[in-house]
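Colleague: My questions all concern the structure below.
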Amino acid sequence: MTVTTEIKEAGFRPASRIATVGVSKILQIGAEAAAMKRDGLPVIILGAGEPDFDTPDNVKQAAKAAIDAGDTKYTALDGTPALKKAVAEKFRRENGVDYAIDEVTVATGAKQILFNAFMATLDPGDEVIIPTPYWTSYSDIVEVCGGVPVLVPCDAAAGFRLQAAQLEAAITAKTRWVLLNSPSNPSGAAYAAADYRPLIDVLLRHPHVWLMVDDMYEHIVYDGFDFVTPVALEPRLKERTLTINGVSKAYAMTGWRIGYAGGPKPLIKAMAVIQSQATSCPSSVSQAAAVEALNGPQTFLKERQESFQRRRDLVVGRLNTIDGLECRTPEGAFYTFSGCAGILGRTTPKGKRIEADHDFTDYLLEEAHVAVVPGSAFGLSPFFRISYATSEAELAEALDRIERACAALKP
């Protein structure tokens with residue numbers, strides 16, 4: 001009887017490491033919008049960070065062939081030799097960076113790469129510099145792994161890019177990593193060689209600081225933007241840089257869950273230790289598909305890039321005609337990050353005052369039935385993110401609704 005009473009009184013006690021971590025705001029908004037659609041409301045969801053294209057046929061065929069060949073068993077812990085070779089060749093061919101096979105790791109998505117790296121390197125109190133706006137999972141993963149996110153606001157005037165003086169000021173004796181994402185989710189901002197160079201010079205002056213770069217949107221850039229990854233610009237950083245990429249965005253393989261990275265051998269080995277106690281190897285079939293994605297024809301990438309650019313131009317052009325909104329033209333990815341400061345202080349037809357960007361996005365969902373994500377979810381307000389990875393017709397309808405909703409607001 002006593003034991004039973006103690007168990008009931010104790011109840012569930014979550015670990016302190018997740019006390020400040022919640023479910024992604026993006027997922028929350030997506031779930032709410034999906035529920036509204038199920039109830040029959042004509043909701044347009046512009047929140048998903050997922051290409052609307054299908055996985056290329058040659059990649060799907062490679063997966064089917066792997067299944068037929070019985071390639072359905074455990075593989076090497078952090079990537080098959082074939083996939084590691086394909087990754088190394090990709091880095092060499094497209095980025096001009098040489099990684100040996102034991103300097104390459106493969107995991108169940110780039111998110112696991114991030115988790116493995118931070119879990120393998122962060123001690124309690126170690127700091128990770130993260131420019132904002134940032135992908136929402138970055139800071140949460142750092143916190144779960146015992147680190148301290150150091151968020152550095154990067155405004156639209158600076159192109160949402162970290163500046164050298166900001167980086168210098170943020171570095172302390174406890175700084176372990178700087179995490180950069182180019183092109184960026186959520187802003188679409190990208191770092192050209194000239195943008196990276198001043199940051200690299202700062203890092204060269206602070207040899208205790210390591211660099212993590214998320215290049216996931218590498219192939220989705222516009223207007224002739226010349227993508228570059230930092231190690232290609234400065235080989236001296238190679239021994240303290242983890243270069244992250246994957247097949248999710250460029251190859252429309254989000255559900256296949258394959259991310260990869262190149263980095264120093266000791267780091268890759270330490271990350272494998274973490275992965276061995278978490279998921280072990282990624283899916284064998286997904287790895288076979290990823291080999292074909294990286295080694296196969298790449299010509300379709302330009303066609304998809306051009307399609308995304310048309311949609312970007314549609315969204316940016318329309319947003320900038322709406323009173324109260326201001327949208328910078330992004331260099332890459334498939335997002336706009338629009339300022340809505342001009343909307344704040346206005347009142348909805350139902351009498352609710354819009355005080356913050358999340359009030360505005362709530363209003364758009366409730367009244368216009370358009371789901372977008374507030375900038376506060378990405379660490380910078382007052383903004384909102386639109387994912388334009390959907391049809392031009394749906395985008396045009398969504399923009400019409402946003403325009404009408406903004407016009408209905410009272411001063």
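By order of appearance in the structure tokens: chains A, B, ..., then residues from 1 within every chain, and ligands from 1 in the order shown.
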Show which residues sit within 12 Å of Ser16 in chain A, as a ChimeraX atom specification. Count only C-alpha atoms, and ignore same-chain residues fewer than 5 positions away.
Modeller: /A:21,143-146
Colleague: Residues of the last selection are to be written out with N, CA and C atoms, as an mmCIF file, in the first residue's frame.
Modeller:
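Everything below was put into selection_0.cif:
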```
data_model
loop_
_atom_site.group_PDB
_atom_site.id
_atom_site.type_symbol
_atom_site.label_atom_id
_atom_site.label_comp_id
_atom_site.auth_asym_id
_atom_site.auth_seq_id
_atom_site.Cartn_x
_atom_site.Cartn_y
_atom_site.Cartn_z
ATOM 1 N N VAL A 21 12.586 23.368 -23.230
ATOM 2 C CA VAL A 21 12.464 22.930 -24.620
ATOM 3 C C VAL A 21 11.029 22.495 -24.886
ATOM 4 N N GLU A 143 20.769 23.241 -25.954
ATOM 5 C CA GLU A 143 20.365 23.168 -24.553
ATOM 6 C C GLU A 143 20.235 21.734 -24.069
ATOM 7 N N VAL A 144 19.617 20.868 -24.872
ATOM 8 C CA VAL A 144 19.480 19.465 -24.485
ATOM 9 C C VAL A 144 20.851 18.835 -24.260
ATOM 10 N N CYS A 145 21.824 19.272 -25.032
ATOM 11 C CA CYS A 145 23.186 18.715 -24.916
ATOM 12 C C CYS A 145 24.019 19.400 -23.843
ATOM 13 N N GLY A 146 23.412 20.280 -23.061
ATOM 14 C CA GLY A 146 24.106 20.893 -21.936
ATOM 15 C C GLY A 146 24.792 22.202 -22.240
#
```
Colleague: Find the spatial neighbours of Ile113 in chain A, counting only C-alpha atoms, within a cut-off of 7 Å - ignore same-chain residues fewer than 5 positions away - and output them as a PyMOL selection string.
Modeller: chain A and resi 107+259-260
Colleague: So, counting only C-alpha atoms, which residue among A:Tyr99, A:Ser276, A:Leu180, A:Gly296 is closest to Pro264 in chain A?
Modeller: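 Of the candidates, the smallest distance to Pro264 in chain A is held by A:Tyr99.
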Colleague: Using only C-alpha atoms, determine which residues lie at most 9 Å from Ala232 in chain A, disregarding the query and same-chain residues fewer than 4 positions distant; provide the list as a PyMOL selection string.
Modeller: chain A and resi 95-97+228+238
Colleague: Please save C-alpha atoms of the selected residues as an mmCIF file, in the first residue's frame.
Modeller:
```cif
data_model
loop_
_atom_site.group_PDB
_atom_site.id
_atom_site.type_symbol
_atom_site.label_atom_id
_atom_site.label_comp_id
_atom_site.auth_asym_id
_atom_site.auth_seq_id
_atom_site.Cartn_x
_atom_site.Cartn_y
_atom_site.Cartn_z
ATOM 1 C CA ASN A 95 32.782 22.335 -53.036
ATOM 2 C CA GLY A 96 36.469 21.832 -53.751
ATOM 3 C CA VAL A 97 37.056 20.248 -50.331
ATOM 4 C CA VAL A 228 30.638 28.650 -51.228
ATOM 5 C CA LYS A 238 39.291 22.527 -41.885
#
```
Colleague: Can you pull out the residues contacting Ile129 in chain A? Cut-off 10 Å, using only C-alpha atoms, and skip same-chain residues under 3 positions away; I want them as a PDB file with N, CA, C and O atoms, in the first residue's frame.
Modeller:
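Written file, out.pdb:
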```
ATOM      1  N   THR A 132      20.632  35.044 -35.198  1.00  0.00           N
ATOM      2  CA  THR A 132      19.192  34.977 -35.393  1.00  0.00           C
ATOM      3  C   THR A 132      18.796  35.934 -36.509  1.00  0.00           C
ATOM      4  O   THR A 132      19.437  36.978 -36.680  1.00  0.00           O
ATOM      5  N   SER A 139      18.915  26.035 -31.161  1.00  0.00           N
ATOM      6  CA  SER A 139      19.133  26.366 -29.747  1.00  0.00           C
ATOM      7  C   SER A 139      18.627  25.266 -28.827  1.00  0.00           C
ATOM      8  O   SER A 139      19.237  24.997 -27.781  1.00  0.00           O
ATOM      9  N   VAL A 148      25.030  26.301 -23.886  1.00  0.00           N
ATOM     10  CA  VAL A 148      24.337  27.576 -23.721  1.00  0.00           C
ATOM     11  C   VAL A 148      24.273  28.281 -25.075  1.00  0.00           C
ATOM     12  O   VAL A 148      25.303  28.674 -25.620  1.00  0.00           O
ATOM     13  N   PRO A 149      23.066  28.414 -25.652  1.00  0.00           N
ATOM     14  CA  PRO A 149      22.954  29.156 -26.906  1.00  0.00           C
ATOM     15  C   PRO A 149      23.209  30.645 -26.672  1.00  0.00           C
ATOM     16  O   PRO A 149      22.639  31.243 -25.752  1.00  0.00           O
ATOM     17  N   VAL A 150      24.061  31.228 -27.482  1.00  0.00           N
ATOM     18  CA  VAL A 150      24.317  32.662 -27.443  1.00  0.00           C
ATOM     19  C   VAL A 150      23.721  33.239 -28.725  1.00  0.00           C
ATOM     20  O   VAL A 150      24.301  33.103 -29.804  1.00  0.00           O
ATOM     21  N   LEU A 151      22.550  33.839 -28.596  1.00  0.00           N
ATOM     22  CA  LEU A 151      21.808  34.296 -29.764  1.00  0.00           C
ATOM     23  C   LEU A 151      22.204  35.722 -30.118  1.00  0.00           C
ATOM     24  O   LEU A 151      22.137  36.621 -29.275  1.00  0.00           O
ATOM     25  N   VAL A 152      22.615  35.905 -31.367  1.00  0.00           N
ATOM     26  CA  VAL A 152      23.071  37.213 -31.834  1.00  0.00           C
ATOM     27  C   VAL A 152      22.117  37.718 -32.909  1.00  0.00           C
ATOM     28  O   VAL A 152      22.083  37.158 -34.013  1.00  0.00           O
ATOM     29  N   LEU A 167      30.411  38.925 -34.121  1.00  0.00           N
ATOM     30  CA  LEU A 167      31.046  37.655 -33.768  1.00  0.00           C
ATOM     31  C   LEU A 167      32.161  37.883 -32.753  1.00  0.00           C
ATOM     32  O   LEU A 167      32.253  37.164 -31.746  1.00  0.00           O
ATOM     33  N   ALA A 170      30.799  38.462 -29.340  1.00  0.00           N
ATOM     34  CA  ALA A 170      30.092  37.331 -28.735  1.00  0.00           C
ATOM     35  C   ALA A 170      31.026  36.244 -28.217  1.00  0.00           C
ATOM     36  O   ALA A 170      30.644  35.438 -27.356  1.00  0.00           O
ATOM     37  N   ILE A 171      32.248  36.183 -28.724  1.00  0.00           N
ATOM     38  CA  ILE A 171      33.175  35.122 -28.341  1.00  0.00           C
ATOM     39  C   ILE A 171      33.704  35.350 -26.925  1.00  0.00           C
ATOM     40  O   ILE A 171      34.107  36.452 -26.558  1.00  0.00           O
ATOM     41  N   THR A 172      33.660  34.273 -26.139  1.00  0.00           N
ATOM     42  CA  THR A 172      34.233  34.292 -24.792  1.00  0.00           C
ATOM     43  C   THR A 172      35.130  33.067 -24.631  1.00  0.00           C
ATOM     44  O   THR A 172      35.262  32.250 -25.552  1.00  0.00           O
ATOM     45  N   THR A 175      33.240  29.894 -25.382  1.00  0.00           N
ATOM     46  CA  THR A 175      32.685  29.618 -26.704  1.00  0.00           C
ATOM     47  C   THR A 175      33.283  28.337 -27.268  1.00  0.00           C
ATOM     48  O   THR A 175      34.505  28.186 -27.354  1.00  0.00           O
ATOM     49  N   ARG A 176      32.412  27.417 -27.659  1.00  0.00           N
ATOM     50  CA  ARG A 176      32.862  26.139 -28.237  1.00  0.00           C
ATOM     51  C   ARG A 176      32.640  26.111 -29.735  1.00  0.00           C
ATOM     52  O   ARG A 176      33.471  25.603 -30.475  1.00  0.00           O
ATOM     53  N   TRP A 177      31.488  26.633 -30.162  1.00  0.00           N
ATOM     54  CA  TRP A 177      31.123  26.585 -31.575  1.00  0.00           C
ATOM     55  C   TRP A 177      30.498  27.910 -32.017  1.00  0.00           C
ATOM     56  O   TRP A 177      29.875  28.614 -31.231  1.00  0.00           O
ATOM     57  N   VAL A 178      30.604  28.171 -33.324  1.00  0.00           N
ATOM     58  CA  VAL A 178      29.773  29.135 -34.027  1.00  0.00           C
ATOM     59  C   VAL A 178      28.998  28.337 -35.069  1.00  0.00           C
ATOM     60  O   VAL A 178      29.579  27.518 -35.787  1.00  0.00           O
ATOM     61  N   LEU A 179      27.678  28.546 -35.133  1.00  0.00           N
ATOM     62  CA  LEU A 179      26.834  27.792 -36.059  1.00  0.00           C
ATOM     63  C   LEU A 179      26.257  28.740 -37.111  1.00  0.00           C
ATOM     64  O   LEU A 179      25.530  29.676 -36.786  1.00  0.00           O
ATOM     65  N   LEU A 180      26.610  28.491 -38.377  1.00  0.00           N
ATOM     66  CA  LEU A 180      26.127  29.316 -39.483  1.00  0.00           C
ATOM     67  C   LEU A 180      25.317  28.460 -40.457  1.00  0.00           C
ATOM     68  O   LEU A 180      25.626  27.292 -40.666  1.00  0.00           O
ATOM     69  N   VAL A 209      37.728  28.265 -30.911  1.00  0.00           N
ATOM     70  CA  VAL A 209      36.346  28.263 -31.398  1.00  0.00           C
ATOM     71  C   VAL A 209      36.250  27.421 -32.670  1.00  0.00           C
ATOM     72  O   VAL A 209      37.002  27.617 -33.625  1.00  0.00           O
ATOM     73  N   LEU A 211      33.819  25.830 -35.889  1.00  0.00           N
ATOM     74  CA  LEU A 211      32.782  26.316 -36.792  1.00  0.00           C
ATOM     75  C   LEU A 211      31.926  25.157 -37.290  1.00  0.00           C
ATOM     76  O   LEU A 211      32.446  24.137 -37.749  1.00  0.00           O
TER      77      LEU A 211
END
```
Colleague: Per residue of range 207-309 of chain A within 12 Å of range 64-72 of chain A, record the nearest atom pair and its distance in Å to one decimal, counting only C-alpha atoms, with rows in chain order and ascending residue number, as CSV.
Modeller:
```
residue,atom,partner,partner_atom,distance
A:Cys281,CA,A:Thr72,CA,11.7
A:Pro282,CA,A:Thr72,CA,11.1
A:Ser283,CA,A:Thr72,CA,8.0
A:Ser284,CA,A:Thr72,CA,5.7
A:Val285,CA,A:Ala66,CA,6.1
A:Ser286,CA,A:Ala66,CA,9.2
A:Gln287,CA,A:Ala66,CA,9.5
A:Ala288,CA,A:Ala66,CA,6.5
A:Ala289,CA,A:Ala66,CA,8.2
A:Ala290,CA,A:Ala66,CA,11.4
A:Val291,CA,A:Ala66,CA,11.1
A:Glu292,CA,A:Ala66,CA,11.0
```
Colleague: Can I get the selected residues back with C-alpha atoms, as a PDB file, in the first residue's frame?
Modeller:
```
ATOM      1  CA  CYS A 281      22.947   3.073 -38.703  1.00  0.00           C
ATOM      2  CA  PRO A 282      20.536   5.008 -40.928  1.00  0.00           C
ATOM      3  CA  SER A 283      18.130   3.029 -43.112  1.00  0.00           C
ATOM      4  CA  SER A 284      19.992   0.816 -45.565  1.00  0.00           C
ATOM      5  CA  VAL A 285      17.447   1.506 -48.307  1.00  0.00           C
ATOM      6  CA  SER A 286      17.608   5.256 -47.771  1.00  0.00           C
ATOM      7  CA  GLN A 287      21.385   5.126 -47.970  1.00  0.00           C
ATOM      8  CA  ALA A 288      21.225   3.286 -51.301  1.00  0.00           C
ATOM      9  CA  ALA A 289      18.851   5.957 -52.583  1.00  0.00           C
ATOM     10  CA  ALA A 290      21.180   8.722 -51.369  1.00  0.00           C
ATOM     11  CA  VAL A 291      24.106   7.186 -53.254  1.00  0.00           C
ATOM     12  CA  GLU A 292      22.106   7.490 -56.472  1.00  0.00           C
TER      13      GLU A 292
END
```
Colleague: So, with only C-alpha atoms as the atoms that count, which of A:Thr321, A:Thr241, A:Ser248, A:Gln275 lies closest to Leu294 in chain A?
Modeller: A:Ser248
Colleague: Apply DSSP to the backbone of this structure and, from range 63-292 of chain A, keep only the residues in strand (DSSP E or B); write these as an MDAnalysis selection string.
Modeller: chainID A and resid 104:107 127:132 148:153 175:181 210:214 221 241:246 259:262
Colleague: Nearest residue to Ser24 in chain A out of A:Ile141, A:Val59, A:Leu233, A:Ile274, using only C-alpha atoms?
Modeller: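 Nearest candidate to Ser24 in chain A out of A:Ile141, A:Val59, A:Leu233, A:Ile274: A:Ile141.
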Colleague: Give me every alpha helix (DSSP H) residue in range 291-320 of chain A, going by DSSP on the backbone, as number ranges by chain.
Modeller: A: 291-295, 300-319
Colleague: Name the residues in contact with Glu103 in chain A at a cut-off of 9 Å, using only C-alpha atoms, excluding same-chain residues fewer than 4 positions from it; report them as a list in words.
Modeller: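 In the requested form, the answer reads Ala88, Tyr99, Ala261, Gly262, Gly263, Pro264, Lys265, Pro266, Leu267, Ile268 and Lys269 of chain A.
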Colleague: Store the residues picked out above, limited to N, CA and C atoms, as a PDB file, in the first residue's frame.
Modeller:
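Saved the output as result-v3.pdb:
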```
ATOM      1  N   ALA A  88      32.064  12.004 -50.105  1.00  0.00           N
ATOM      2  CA  ALA A  88      33.405  12.564 -50.281  1.00  0.00           C
ATOM      3  C   ALA A  88      33.583  13.104 -51.698  1.00  0.00           C
ATOM      4  N   TYR A  99      37.712  15.362 -48.277  1.00  0.00           N
ATOM      5  CA  TYR A  99      37.514  14.631 -47.033  1.00  0.00           C
ATOM      6  C   TYR A  99      37.800  13.157 -47.291  1.00  0.00           C
ATOM      7  N   ALA A 261      27.902  14.745 -43.175  1.00  0.00           N
ATOM      8  CA  ALA A 261      28.824  15.832 -42.834  1.00  0.00           C
ATOM      9  C   ALA A 261      30.257  15.385 -43.057  1.00  0.00           C
ATOM     10  N   GLY A 262      31.109  16.379 -43.247  1.00  0.00           N
ATOM     11  CA  GLY A 262      32.547  16.154 -43.302  1.00  0.00           C
ATOM     12  C   GLY A 262      33.215  16.949 -42.196  1.00  0.00           C
ATOM     13  N   GLY A 263      34.211  16.361 -41.559  1.00  0.00           N
ATOM     14  CA  GLY A 263      34.896  17.052 -40.470  1.00  0.00           C
ATOM     15  C   GLY A 263      36.143  16.322 -40.038  1.00  0.00           C
ATOM     16  N   PRO A 264      36.844  16.854 -39.044  1.00  0.00           N
ATOM     17  CA  PRO A 264      38.070  16.226 -38.557  1.00  0.00           C
ATOM     18  C   PRO A 264      37.810  14.806 -38.035  1.00  0.00           C
ATOM     19  N   LYS A 265      38.738  13.930 -38.279  1.00  0.00           N
ATOM     20  CA  LYS A 265      38.569  12.528 -37.902  1.00  0.00           C
ATOM     21  C   LYS A 265      38.230  12.330 -36.431  1.00  0.00           C
ATOM     22  N   PRO A 266      38.899  13.022 -35.483  1.00  0.00           N
ATOM     23  CA  PRO A 266      38.546  12.808 -34.069  1.00  0.00           C
ATOM     24  C   PRO A 266      37.094  13.179 -33.751  1.00  0.00           C
ATOM     25  N   LEU A 267      36.607  14.239 -34.374  1.00  0.00           N
ATOM     26  CA  LEU A 267      35.221  14.642 -34.165  1.00  0.00           C
ATOM     27  C   LEU A 267      34.268  13.606 -34.760  1.00  0.00           C
ATOM     28  N   ILE A 268      34.543  13.167 -35.969  1.00  0.00           N
ATOM     29  CA  ILE A 268      33.683  12.173 -36.624  1.00  0.00           C
ATOM     30  C   ILE A 268      33.638  10.891 -35.796  1.00  0.00           C
ATOM     31  N   LYS A 269      34.765  10.499 -35.242  1.00  0.00           N
ATOM     32  CA  LYS A 269      34.825   9.298 -34.407  1.00  0.00           C
ATOM     33  C   LYS A 269      33.999   9.468 -33.133  1.00  0.00           C
TER      34      LYS A 269
END
```
Colleague: Find the spatial neighbours of Asp78 in chain A, counting only C-alpha atoms, within a cut-off of 6 Å - ignore same-chain residues fewer than 2 positions away - and output them as a PyMOL selection string.
Modeller: chain A and resi 76+105-106+281
Colleague: Take the residues from that selection and put them in a file with N, CA and C atoms, as a short mmCIF file (atom, residue, chain, number, x, y, z; two decimals), in the first residue's frame.
Modeller:
```cif
data_model
loop_
_atom_site.label_atom_id
_atom_site.label_comp_id
_atom_site.auth_asym_id
_atom_site.auth_seq_id
_atom_site.Cartn_x
_atom_site.Cartn_y
_atom_site.Cartn_z
N ALA A 76 27.12 -0.38 -41.91
CA ALA A 76 28.14 0.22 -41.06
C ALA A 76 27.50 1.34 -40.24
N THR A 105 30.62 11.38 -42.07
CA THR A 105 29.63 10.68 -41.27
C THR A 105 28.26 10.82 -41.92
N VAL A 106 27.43 9.79 -41.74
CA VAL A 106 26.07 9.78 -42.27
C VAL A 106 25.12 9.45 -41.12
N CYS A 281 22.84 2.64 -37.31
CA CYS A 281 22.95 3.07 -38.70
C CYS A 281 21.64 3.68 -39.23
#
```
Colleague: Using only C-alpha atoms, which protein or nucleic acid residues come within 10 Å of Thr254 in chain A? Drop anything in the same chain fewer than 6 positions from it, and give the result as a PyMOL selection string.
Modeller: chain A and resi 49-51+55+109+246-248
Colleague: Just checking: using only C-alpha atoms, which residue out of A:Asp362, A:Glu89, A:Asp357, A:Asp201 ends up closest to Gln28 in chain A?
Modeller: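 Distance minimum relative to Gln28 in chain A lands on A:Asp362.
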Colleague: With distances taken over only C-alpha atoms, which of A:Arg401, A:Lys174, A:Arg92, A:Lys352 is nearest to Arg318 in chain A?
Modeller: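 Looking only at the distances to Arg318 in chain A, the closest residue turns out to be A:Arg401.
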